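Taking it in order: structure first as structure tokens, then the write-up.
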Amino acid sequence: MNESLFTSFITPTMMGVPIVVLIIMFPSILLPSPSRLVDNRLVSIQQWLVRLTSKQMLSIHNHKGQTWALMLMSLILFIGSTNLLGLLPHSFTPTTQLSMNLGMAIPLWAGTVAIGLRYKTKTSLAHFLPQGTPFPLIPMLVIIETISLFIQPMALAVRLTANITAGHLLIHLIGGATLALMSISTITALITFTILVLLTILEFAVALIQAYVFTLLVSLYLHDNT
Amino acid sequence: MLQSLIKNVWIPMKPYYTQVYQEIWLGMGLMSVIIYKIRSADKRSKALKGKIFASSNGWGTKNTITPFQDEVYHCLQMCKVQWGYLRT
């Protein structure tokens, strides 16, 4: 049981060839790009969702921040679709890998910090010291603010990894428990199965919420620096 | 294929790749530096562990390891790894 618990997180290979890149590229096939003035239902629904999300997410940004619209929308679509596809049985979820999430978090966070330092240097550096700080506390607070700045990409990546991994592990454990209890006590197995169904519904919500939280935080870091 | 890639990807995305995402390219460079540092540190620590293992088993007593010794050591390491996999 212990051996099989973590096998779903091993990067998949097919005859010795790693196929992770194909799996990462797979969600883009499910999201067709609009090519006509009036598209079919699937593309229209997709367009409507993207428009709704982009309006909500980009309303706080100025002109400079809105140039990142494509990046932010791609990010939320990618993470959301990858997380949802990972809920299929026996599938591999790239967002359970910390390396993948760090690979998304570090460039985006560093990009926002670089924008702030490039276009609004004084304002960016002023973020290291909150307004109204008492004079004796200034050195300590600058250190704390610097640490909190550098923790941001780590927190972004670890939050997504931990949430998705924990959810998958729980589903695996409770599913295994349901199967084991079926031969012991049917009623207990039914209760465990109900818990499993509720957990799966929760995981659907978590998949979308985590995508939204990741993108929203990147958007907030961008807003602070533009 | 390259022409269709240029026509469908590069031409529409050129203003993004060249102007909007300049800072993101900088972030990607920073990330690649971090990855390089981590990988080289890992290789160095593994090489150091290998040298300690080799010296404790009597290899390289003149501070030089012959290619034959190196090959035998490498085979021993691979056998250890395979045995580890078989046991689990």
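Ligands are numbered from 1 in the order shown, residues from 1 within each chain, and chains are lettered A, B, ... in the order they appear in the structure tokens.
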Distance query region 18-25 of chain B at most 7 Å, only C-alpha atoms, self and fewer than 6 positions along chain excluded, as a PyMOL selection string | chain A and resi 67+107-108+110-111+114-115
Interface residues on chain A facing chain B, 12 Å, only C-alpha atoms, written as JSON, numbers by chain = {"A": [2, 3, 4, 33, 63, 64, 65, 66, 67, 68, 69, 70, 71, 99, 100, 101, 102, 103, 104, 105, 106, 107, 108, 109, 110, 111, 112, 113, 114, 115, 116, 117, 118, 119, 153, 222]}
Near Arg51 (chain A), counting only C-alpha atoms, which residues have an atom at most 12 Å away, once you skip same-chain residues fewer than 6 positions from it, shown as a PyMOL selection string?
-> chain A and resi 44-45+57-59+69-70+73
Can you spit out the residues from that selection as an mmCIF file, in the first residue's frame, using all heavy atoms?
```cif
data_model
loop_
_atom_site.group_PDB
_atom_site.id
_atom_site.type_symbol
_atom_site.label_atom_id
_atom_site.label_comp_id
_atom_site.auth_asym_id
_atom_site.auth_seq_id
_atom_site.Cartn_x
_atom_site.Cartn_y
_atom_site.Cartn_z
ATOM 1 N N SER A 44 -17.523 29.244 -27.778
ATOM 2 C CA SER A 44 -18.240 30.412 -27.255
ATOM 3 C C SER A 44 -18.273 30.407 -25.738
ATOM 4 O O SER A 44 -18.080 31.453 -25.098
ATOM 5 C CB SER A 44 -19.666 30.440 -27.790
ATOM 6 O OG SER A 44 -19.676 30.499 -29.172
ATOM 7 N N ILE A 45 -18.519 29.231 -25.153
ATOM 8 C CA ILE A 45 -18.521 29.118 -23.686
ATOM 9 C C ILE A 45 -17.138 29.458 -23.148
ATOM 10 O O ILE A 45 -16.986 30.187 -22.167
ATOM 11 C CB ILE A 45 -18.944 27.702 -23.239
ATOM 12 C CG1 ILE A 45 -20.425 27.474 -23.539
ATOM 13 C CG2 ILE A 45 -18.684 27.489 -21.758
ATOM 14 C CD1 ILE A 45 -20.865 26.049 -23.365
ATOM 15 N N MET A 57 -10.302 40.029 -13.186
ATOM 16 C CA MET A 57 -8.921 40.033 -12.720
ATOM 17 C C MET A 57 -8.179 41.297 -13.120
ATOM 18 O O MET A 57 -7.303 41.750 -12.399
ATOM 19 C CB MET A 57 -8.198 38.809 -13.278
ATOM 20 C CG MET A 57 -6.989 38.455 -12.477
ATOM 21 S SD MET A 57 -6.501 36.785 -12.694
ATOM 22 C CE MET A 57 -7.619 35.935 -11.659
ATOM 23 N N LEU A 58 -8.510 41.870 -14.264
ATOM 24 C CA LEU A 58 -7.725 42.998 -14.763
ATOM 25 C C LEU A 58 -8.331 44.344 -14.438
ATOM 26 O O LEU A 58 -7.772 45.371 -14.812
ATOM 27 C CB LEU A 58 -7.558 42.859 -16.284
ATOM 28 C CG LEU A 58 -6.758 41.643 -16.696
ATOM 29 C CD1 LEU A 58 -6.964 41.360 -18.164
ATOM 30 C CD2 LEU A 58 -5.289 41.834 -16.418
ATOM 31 N N SER A 59 -9.467 44.348 -13.712
ATOM 32 C CA SER A 59 -10.128 45.626 -13.413
ATOM 33 C C SER A 59 -9.273 46.512 -12.520
ATOM 34 O O SER A 59 -9.357 47.726 -12.574
ATOM 35 C CB SER A 59 -11.486 45.376 -12.766
ATOM 36 O OG SER A 59 -11.318 44.579 -11.615
ATOM 37 N N ALA A 69 -2.330 40.700 -19.540
ATOM 38 C CA ALA A 69 -3.614 39.991 -19.596
ATOM 39 C C ALA A 69 -3.470 38.591 -20.183
ATOM 40 O O ALA A 69 -3.987 37.612 -19.634
ATOM 41 C CB ALA A 69 -4.617 40.800 -20.409
ATOM 42 N N LEU A 70 -2.722 38.501 -21.291
ATOM 43 C CA LEU A 70 -2.554 37.210 -21.964
ATOM 44 C C LEU A 70 -1.859 36.213 -21.048
ATOM 45 O O LEU A 70 -2.264 35.052 -20.934
ATOM 46 C CB LEU A 70 -1.754 37.421 -23.251
ATOM 47 C CG LEU A 70 -1.573 36.209 -24.151
ATOM 48 C CD1 LEU A 70 -2.907 35.749 -24.684
ATOM 49 C CD2 LEU A 70 -0.657 36.560 -25.313
ATOM 50 N N MET A 73 -4.262 35.139 -18.114
ATOM 51 C CA MET A 73 -5.336 34.260 -18.570
ATOM 52 C C MET A 73 -4.800 32.891 -18.959
ATOM 53 O O MET A 73 -5.415 31.859 -18.663
ATOM 54 C CB MET A 73 -6.087 34.888 -19.754
ATOM 55 C CG MET A 73 -6.962 36.044 -19.335
ATOM 56 S SD MET A 73 -8.164 35.586 -18.085
ATOM 57 C CE MET A 73 -7.481 36.403 -16.671
#
```
Residues of region 31-87 of chain A within 12 Å of region 17-24 of chain A: nearest atom pair and distance (Å, one decimal) for each, counting only C-alpha atoms, sorted by chain and number, as a Markdown table?
```
| residue | atom | partner | partner_atom | distance |
| --- | --- | --- | --- | --- |
| A:Phe78 | CA | A:Ile24 | CA | 8.9 |
| A:Ile79 | CA | A:Ile24 | CA | 10.1 |
| A:Ser81 | CA | A:Ile24 | CA | 10.2 |
| A:Thr82 | CA | A:Ile24 | CA | 7.6 |
| A:Asn83 | CA | A:Ile24 | CA | 11.0 |
| A:Leu85 | CA | A:Ile23 | CA | 10.1 |
| A:Gly86 | CA | A:Ile23 | CA | 10.4 |
```
When distances are computed from only C-alpha atoms, which of A:Ala126, A:Leu199, A:Leu42, A:Leu156 shows the smallest separation from Tyr212 (chain A)?
->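 Among the listed residues, A:Leu156 lies closest to Tyr212 (chain A).
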Got a sec to tell me which of region 69-184 of chain A DSSP assigns to alpha helix (DSSP H), as a count of residues only?
-> 90
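Among A:Thr194, A:Asn40, A:Asn225, A:Thr53, the residue with the shortest atom-to-atom distance to Ser74 (chain A), counting only C-alpha atoms, is A:Thr53.
Between CA of Glu203 (chain A) and CA of Gly167 (chain A) there is a distance of 6.3 Å.
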